[in-house]
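Visitor: Have a look at the structure that comes next, please.
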Amino acid sequence: MTSETSQYLKVIARLRGPLWLTWAGMTAERAARALWPLWSIIIAVLAALMLGWHESFPIEAVWGIAVLSAISALYFLIRGFVLFRLPDRMEAMVQLDISLAGRPIQALMDSQAIVPSDEASVAVWRVHQSRMAELIANAKAVKPKVRLAAHDPFALRYVATLLFGVAVLFGSLWRVGTVTEIVQNDRAVISGPVWEGWIEPPAYTGKPSLYLNDQDGQIDVPEGSRISLRLYGEIGALTVAETVSQRIEGTGSAADPEQDFIALTSGTLEIAGLNGRLWDIVVTPDTQPRVEVVGAAERGADGVMSLPFVASDDYEVAGGSAEIALDLNAVSRRYGLSVDPEERANIALDLPLPIAGDRSDFAEALIGNFSEHPFANLPVKLSMTAQDAKGQSSAVNTTHLILPGRRFFDPMARALIEQRQWLLWSKDNADRTTQMIRAISHRPDDVFRSEIAYLRLRVILRRLETQIAFDQFTPEARDEAASALWDLAILLEDGDVEDAMERMRRAQERLSEAMKNGASVEEIAELMDELRRANENYINQLQRETARNGETQERQQGMQDDAMQMTQDDLQDMMDRIQELMEEGRMAEAEQALQELQDMMENMQIAEGQQGEGQQSEGQQAMEGLADTLRGQQGLSDQAFRDLQEQYNPDAQAGESDGNEGRNGGQGRGQSHEGQSGEGKGQGEGQSGEDRDGQQSKGQGLAERQENLRREVERQRGALPGAGSEAGDAAREALRRAEDAMRGAGEALQRDDLPEAIGRQAEAMDALREGMQNLGEAMAEAEGRKGQQGSADGREGGEQRDPLGRNPGATGQAGTDQGLLQGEDVYRRARELLDEIRKRSGESVRPEVERDYLRRLLDRF
């Protein structure tokens, strides 16, 4: 017995640590199972107090929940003590022994029961006990297994835990202390009646709420403020009397514990009874916003209108709109405007608002480009209104003005824009427009600088006449013709480098004459601005021409040694110097400086012309061939249209021929406008039908000429340069479409279906023009790649520069590491960009993502 007791004590001593931890785990496991409802209630109530729920609920509900929680907690506390039983050491030892393999603790505590006197049996028993002792040496405490799912099938403990986690994140432990205020208020209710009140102004006013208990005498509040009152104590002990809400129905009882109403007019507010009070409420009305135009509409060089205005409100201008309507009574009803106009929707715009800052009083500018709109350059009525956050609208501010649009200085471009305006005014002007276009293009050599421009005008004219003849002049066709006329006018106005040079010379001559004749300061300033714009336009055209016709590195490097370098800063300095001399009255010196500027700009033009000399490239030859084919197709289309007219009106032949001259002045009647290329060239000239000197056989009719042109396009497509590039492939695809259209036109001519043939011929000409444009882009890309290669291989020969002395960029385009705009131009350009961003940010038709990006740009700058 002594030996067994000693063995037991040794086991207990060896297992003291794991045994104690196992006992503690069993205790915690039994406590959790017995008391989980209690701690769930405690942390749920604590979480509700931390979140301040007791401040939002009625006092009765708070007291009811508090009593119910206390009773539930007391019940589960008693239940837990009844169910809980503290484990003893032997239970912990058995739990630990069960967790070990072979139950070694029990083995060490056992004694040999069979043949204890047999030495062999005793030896075996001792070996067994030594092995069990080794297992005990590695014994570890048993982990508690708190399995509450069977006791809590609805997982209420997790709900309480989650609520407590939310309270820790979003609540505050200090809010638990506000429970005492509820008790104090409740005691106050018991001791006597009390009240509370608040005045909450509308959110858009930005004014703070007022606590009525802290206010005395007169209170100024904005119109629409909400007044909330809470009466505590015996019902009827306190009553409310007010004259500010203008309520007639639904007022309820004056003794209601909770009352809410809106302050609409000045009056009194009284809480009658013990501890009552009286206030004079002065309601400040919300006035209407105001908007007003404060200056004349300004027109930019590209026709963008900028109209300054101011808007104000007592709190905040929330929005605004502008509507532009035609002022028909102010229109000069002459020529194409003499007919009644077609109904058109007014122009609706959103007023730009400051992205950041105060909106109660601000100045902005309404910006828009209406150059292509039918109302451009006509009298209009512009009506502005502003809205505040309350929804009130200002009085309509109406301004009468001429809607600014782009100005055209080229006579032909200005004439085409006038005809475009007539077309957009009314479809009834279509016949008048075709007659005017025929008249202004009667002698093309005198008015057109470019064959392409003349051919485009002829296509527009033919389409208009065809659509009118077959009653197909729909509003869509009218808009398409107007768009084509606009594009052609832009081409005529901007022109090429030579045109820009001519305008620059004309501006210089006008300024020189003004200085000689003693013009006023205002006139000289206006002419100086014109010269600046002409110089800027010339430089831009020169850059585009240089990019299109870029030379090899060898030619450029050979010219750089003797070329005079000039930066745009130098050009700006010369212009400023001329203006300064004129302002000082030193006209002789100013005229000399102007002559130096003119010589310098002309030398730039001469250098550009010298660079263009040389043998034509393969692409240029292909471009000229396509131009010849386009002229041949135009001549054939003219002949088909004339034959169509003769079918419907044989007597009109002579009259038509008098007004249809070819490109070189010969009477049209099918002449091919400077001939064709390939097979069609020789056969397309001088042909007009069976009545022309008997020179055309039956096998050389219109269909045969059309087929010859198609074969020529097929040949040109096979030899077209630029294969593999995107623009080159697009040019080939355009020529393929031209072939298909020509094939269809030829088949229609064989059937004597002239309307169908004319339509397919127009498609062919469009495709040819698109092919020429794509070929030009392919040639520019090829030259750009050559320029990049030359720059990479020839840096030791010195940096290459454009006519203004700027370094070419990484992509072959003109670039510089310095600012191109200096002085006042920096601020002018920055203002233009800012106005454009503001205009676009206020256009509701744009995607919200784009408008948000623009607003963030304005916030930054």
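Residue numbers start at 1 in each chain; chains themselves are named A, B, ... in the order of the structure tokens; ligands are numbered from 1 in the order shown.
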Need the shell around Ala149 (chain A): protein/DNA/RNA residues with any atom at most 12 Å away, counting only C-alpha atoms. Skip same-chain ones fewer than 5 positions apart. Format as a PyMOL selection string?

Guide: chain A and resi 32-33+36+154-158

Visitor: When DSSP is applied to the backbone of this structure, which of region 118-284 of chain A are assigned alpha helix (DSSP H)? Write them out as a ChimeraX atom specification.

Guide: /A:119-137,156-170,179-191

Visitor: Could you list, as a PyMOL selection string, every residue within 10 Å of Ala719 (chain A), counting only C-alpha atoms and ignoring same-chain residues fewer than 2 positions away?

Guide: chain A and resi 618-619+622+713-717+721-723+732

Visitor: To one decimal in Å, tell me the separation between CA of Arg505 (chain A) and CA of Arg407 (chain A).

Guide: 19.4 Å

Visitor: Pick out the residues sitting within 8 Å of region 333-342 of chain A, and hand them over as a CSV table (one decimal) with all heavy atoms, in the first residue's frame; count only C-alpha atoms, and ignore anything fewer than 4 positions along from it in its own chain.

Guide:
chain,number,residue,atom,x,y,z
A,422,TRP,N,-28.7,79.8,-96.3
A,422,TRP,CA,-30.0,79.8,-97.0
A,422,TRP,C,-30.6,78.4,-97.0
A,422,TRP,O,-31.9,78.2,-96.8
A,422,TRP,CB,-29.8,80.2,-98.4
A,422,TRP,CG,-29.5,81.7,-98.6
A,422,TRP,CD1,-29.3,82.6,-97.6
A,422,TRP,CD2,-29.3,82.4,-99.8
A,422,TRP,NE1,-29.0,83.8,-98.1
A,422,TRP,CE2,-29.0,83.7,-99.4
A,422,TRP,CE3,-29.4,82.1,-101.1
A,422,TRP,CZ2,-28.7,84.7,-100.4
A,422,TRP,CZ3,-29.1,83.0,-102.1
A,422,TRP,CH2,-28.8,84.3,-101.7
A,425,TRP,N,-32.0,77.7,-93.6
A,425,TRP,CA,-33.1,78.5,-93.3
A,425,TRP,C,-34.4,77.8,-93.8
A,425,TRP,O,-35.4,77.8,-93.1
A,425,TRP,CB,-32.9,79.9,-94.0
A,425,TRP,CG,-34.0,80.9,-93.8
A,425,TRP,CD1,-35.1,81.1,-94.6
A,425,TRP,CD2,-34.2,81.7,-92.7
A,425,TRP,NE1,-35.9,82.0,-94.0
A,425,TRP,CE2,-35.4,82.5,-92.9
A,425,TRP,CE3,-33.4,82.0,-91.5
A,425,TRP,CZ2,-35.8,83.5,-92.0
A,425,TRP,CZ3,-33.8,83.0,-90.6
A,425,TRP,CH2,-35.0,83.7,-90.9
A,426,SER,N,-34.4,77.3,-95.0
A,426,SER,CA,-35.6,76.6,-95.6
A,426,SER,C,-35.2,75.8,-96.8
A,426,SER,O,-34.3,76.2,-97.6
A,426,SER,CB,-36.6,77.7,-96.0
A,426,SER,OG,-37.7,77.0,-96.6
A,427,LYS,N,-35.8,74.6,-96.9
A,427,LYS,CA,-35.6,73.8,-98.0
A,427,LYS,C,-36.0,74.4,-99.3
A,427,LYS,O,-35.6,74.0,-100.4
A,427,LYS,CB,-36.3,72.4,-97.8
A,427,LYS,CG,-35.7,71.5,-96.8
A,427,LYS,CD,-36.5,70.3,-96.6
A,427,LYS,CE,-36.9,69.6,-97.9
A,427,LYS,NZ,-37.8,68.5,-97.7
A,428,ASP,N,-36.9,75.4,-99.2
A,428,ASP,CA,-37.4,76.1,-100.4
A,428,ASP,C,-36.3,76.8,-101.1
A,428,ASP,O,-36.5,77.3,-102.3
A,428,ASP,CB,-38.6,77.0,-100.1
A,428,ASP,CG,-39.8,76.2,-99.5
A,428,ASP,OD1,-39.9,75.0,-99.8
A,428,ASP,OD2,-40.6,76.9,-98.8
A,429,ASN,N,-35.2,77.1,-100.5
A,429,ASN,CA,-34.1,77.8,-101.1
A,429,ASN,C,-33.2,76.9,-101.9
A,429,ASN,O,-32.1,77.3,-102.3
A,429,ASN,CB,-33.3,78.5,-100.0
A,429,ASN,CG,-34.0,79.7,-99.4
A,429,ASN,OD1,-34.7,80.4,-100.2
A,429,ASN,ND2,-33.8,80.0,-98.1
A,432,ARG,N,-32.6,78.1,-105.5
A,432,ARG,CA,-31.9,79.3,-105.5
A,432,ARG,C,-30.4,79.1,-105.2
A,432,ARG,O,-29.5,79.7,-105.7
A,432,ARG,CB,-32.5,80.3,-104.5
A,432,ARG,CG,-31.9,81.7,-104.5
A,432,ARG,CD,-32.2,82.4,-103.2
A,432,ARG,NE,-33.6,82.5,-102.9
A,432,ARG,CZ,-34.3,83.6,-103.1
A,432,ARG,NH1,-33.8,84.7,-103.7
A,432,ARG,NH2,-35.6,83.6,-102.9

Visitor: Would you please work out which residue, of A:Ser725, A:Ser441, A:Ser99, A:Thr385, is nearest to Leu457 (chain A) when using only C-alpha atoms?

Guide: A:Ser441

Visitor: May I have the residues within 12 Å of Ile281 (chain A) as a list in words, using only C-alpha atoms and disregarding those fewer than 3 positions away in the same chain?

Guide: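 Result of the neighbour search: Ile199, Leu212, Gln215, Asp216, Gly217, Gln218, Ile219, Asp220, Val221, Pro222, Glu223, Ser225, Ile227, Glu242, Thr243, Val244, Ser245, Ile262, Ala263, Leu264, Thr265, Ser266, Gly267, Thr268, Leu269, Glu270, Leu278 and Thr284 of chain A.
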
Visitor: Residues as selected, N, CA and C atoms, written as a PDB file, in the first residue's frame, can you do that?

Guide:
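Contents of the output file selection-v4.pdb:
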ATOM      1  N   ILE A 199     -34.808  74.396 -33.229  1.00  0.00           N
ATOM      2  CA  ILE A 199     -35.119  75.026 -34.521  1.00  0.00           C
ATOM      3  C   ILE A 199     -34.039  74.588 -35.504  1.00  0.00           C
ATOM      4  N   LEU A 212     -33.855  75.683 -28.264  1.00  0.00           N
ATOM      5  CA  LEU A 212     -34.778  76.702 -27.763  1.00  0.00           C
ATOM      6  C   LEU A 212     -34.595  76.983 -26.280  1.00  0.00           C
ATOM      7  N   GLN A 215     -32.487  79.981 -25.812  1.00  0.00           N
ATOM      8  CA  GLN A 215     -32.836  81.193 -26.533  1.00  0.00           C
ATOM      9  C   GLN A 215     -33.852  82.018 -25.740  1.00  0.00           C
ATOM     10  N   ASP A 216     -33.712  83.330 -25.871  1.00  0.00           N
ATOM     11  CA  ASP A 216     -34.650  84.239 -25.230  1.00  0.00           C
ATOM     12  C   ASP A 216     -34.997  85.369 -26.191  1.00  0.00           C
ATOM     13  N   GLY A 217     -36.194  85.923 -26.039  1.00  0.00           N
ATOM     14  CA  GLY A 217     -36.581  87.102 -26.796  1.00  0.00           C
ATOM     15  C   GLY A 217     -36.828  86.804 -28.264  1.00  0.00           C
ATOM     16  N   GLN A 218     -36.179  87.581 -29.123  1.00  0.00           N
ATOM     17  CA  GLN A 218     -36.411  87.486 -30.575  1.00  0.00           C
ATOM     18  C   GLN A 218     -35.419  86.522 -31.199  1.00  0.00           C
ATOM     19  N   ILE A 219     -35.925  85.721 -32.126  1.00  0.00           N
ATOM     20  CA  ILE A 219     -35.085  84.741 -32.837  1.00  0.00           C
ATOM     21  C   ILE A 219     -35.303  84.939 -34.335  1.00  0.00           C
ATOM     22  N   ASP A 220     -34.215  85.153 -35.073  1.00  0.00           N
ATOM     23  CA  ASP A 220     -34.271  85.260 -36.537  1.00  0.00           C
ATOM     24  C   ASP A 220     -33.977  83.893 -37.138  1.00  0.00           C
ATOM     25  N   VAL A 221     -34.901  83.391 -37.944  1.00  0.00           N
ATOM     26  CA  VAL A 221     -34.737  82.065 -38.550  1.00  0.00           C
ATOM     27  C   VAL A 221     -35.038  82.172 -40.045  1.00  0.00           C
ATOM     28  N   PRO A 222     -34.400  81.328 -40.888  1.00  0.00           N
ATOM     29  CA  PRO A 222     -34.717  81.318 -42.321  1.00  0.00           C
ATOM     30  C   PRO A 222     -36.104  80.717 -42.562  1.00  0.00           C
ATOM     31  N   GLU A 223     -36.701  81.113 -43.640  1.00  0.00           N
ATOM     32  CA  GLU A 223     -37.993  80.560 -44.024  1.00  0.00           C
ATOM     33  C   GLU A 223     -37.852  79.061 -44.295  1.00  0.00           C
ATOM     34  N   SER A 225     -37.734  76.801 -41.743  1.00  0.00           N
ATOM     35  CA  SER A 225     -37.094  76.134 -40.617  1.00  0.00           C
ATOM     36  C   SER A 225     -38.104  75.247 -39.894  1.00  0.00           C
ATOM     37  N   ILE A 227     -39.452  73.544 -36.494  1.00  0.00           N
ATOM     38  CA  ILE A 227     -39.460  73.723 -35.042  1.00  0.00           C
ATOM     39  C   ILE A 227     -39.989  72.440 -34.404  1.00  0.00           C
ATOM     40  N   GLU A 242     -48.702  78.944 -31.232  1.00  0.00           N
ATOM     41  CA  GLU A 242     -47.792  79.545 -32.215  1.00  0.00           C
ATOM     42  C   GLU A 242     -48.592  80.139 -33.372  1.00  0.00           C
ATOM     43  N   THR A 243     -47.958  81.147 -34.025  1.00  0.00           N
ATOM     44  CA  THR A 243     -48.583  81.798 -35.187  1.00  0.00           C
ATOM     45  C   THR A 243     -47.626  81.859 -36.366  1.00  0.00           C
ATOM     46  N   VAL A 244     -46.683  80.928 -36.421  1.00  0.00           N
ATOM     47  CA  VAL A 244     -45.652  80.980 -37.463  1.00  0.00           C
ATOM     48  C   VAL A 244     -45.855  79.930 -38.551  1.00  0.00           C
ATOM     49  N   SER A 245     -46.632  78.881 -38.293  1.00  0.00           N
ATOM     50  CA  SER A 245     -46.750  77.786 -39.257  1.00  0.00           C
ATOM     51  C   SER A 245     -47.902  77.967 -40.235  1.00  0.00           C
ATOM     52  N   ILE A 262     -43.427  73.805 -39.452  1.00  0.00           N
ATOM     53  CA  ILE A 262     -42.508  74.595 -40.262  1.00  0.00           C
ATOM     54  C   ILE A 262     -42.816  76.077 -40.089  1.00  0.00           C
ATOM     55  N   ALA A 263     -41.763  76.874 -39.897  1.00  0.00           N
ATOM     56  CA  ALA A 263     -41.919  78.323 -39.750  1.00  0.00           C
ATOM     57  C   ALA A 263     -41.997  78.965 -41.134  1.00  0.00           C
ATOM     58  N   LEU A 264     -43.176  79.508 -41.467  1.00  0.00           N
ATOM     59  CA  LEU A 264     -43.393  80.117 -42.776  1.00  0.00           C
ATOM     60  C   LEU A 264     -43.528  81.629 -42.718  1.00  0.00           C
ATOM     61  N   THR A 265     -43.918  82.170 -41.583  1.00  0.00           N
ATOM     62  CA  THR A 265     -44.100  83.610 -41.470  1.00  0.00           C
ATOM     63  C   THR A 265     -43.713  84.051 -40.069  1.00  0.00           C
ATOM     64  N   SER A 266     -43.444  85.310 -39.903  1.00  0.00           N
ATOM     65  CA  SER A 266     -43.058  85.829 -38.587  1.00  0.00           C
ATOM     66  C   SER A 266     -44.260  85.774 -37.642  1.00  0.00           C
ATOM     67  N   GLY A 267     -43.984  85.557 -36.384  1.00  0.00           N
ATOM     68  CA  GLY A 267     -45.047  85.462 -35.387  1.00  0.00           C
ATOM     69  C   GLY A 267     -44.462  85.155 -34.026  1.00  0.00           C
ATOM     70  N   THR A 268     -45.297  84.553 -33.177  1.00  0.00           N
ATOM     71  CA  THR A 268     -44.881  84.245 -31.807  1.00  0.00           C
ATOM     72  C   THR A 268     -44.959  82.742 -31.576  1.00  0.00           C
ATOM     73  N   LEU A 269     -44.152  82.279 -30.648  1.00  0.00           N
ATOM     74  CA  LEU A 269     -44.154  80.888 -30.198  1.00  0.00           C
ATOM     75  C   LEU A 269     -44.141  80.900 -28.679  1.00  0.00           C
ATOM     76  N   GLU A 270     -45.120  80.224 -28.079  1.00  0.00           N
ATOM     77  CA  GLU A 270     -45.245  80.246 -26.613  1.00  0.00           C
ATOM     78  C   GLU A 270     -45.480  78.839 -26.100  1.00  0.00           C
ATOM     79  N   LEU A 278     -41.877  82.498 -23.903  1.00  0.00           N
ATOM     80  CA  LEU A 278     -42.456  83.132 -25.090  1.00  0.00           C
ATOM     81  C   LEU A 278     -41.317  83.696 -25.946  1.00  0.00           C
ATOM     82  N   THR A 284     -37.004  85.055 -41.978  1.00  0.00           N
ATOM     83  CA  THR A 284     -36.350  85.734 -43.104  1.00  0.00           C
ATOM     84  C   THR A 284     -36.732  85.024 -44.397  1.00  0.00           C
TER      85      THR A 284
END

Visitor: Which neighbours of Ala481 (chain A) fall inside 10 Å, counting only C-alpha atoms, when residues of the same chain fewer than 5 positions from it are skipped, and could you give them as a ChimeraX atom specification?

Guide: /A:420,423-424,460-461,463-464,473,475-476,486-487

Visitor: Using CA of Gly405 (chain A) and CA of Phe362 (chain A) as the two end points, give the distance in Å to one decimal.

Guide: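 That distance, rounded to one decimal, is 26.7 Å.
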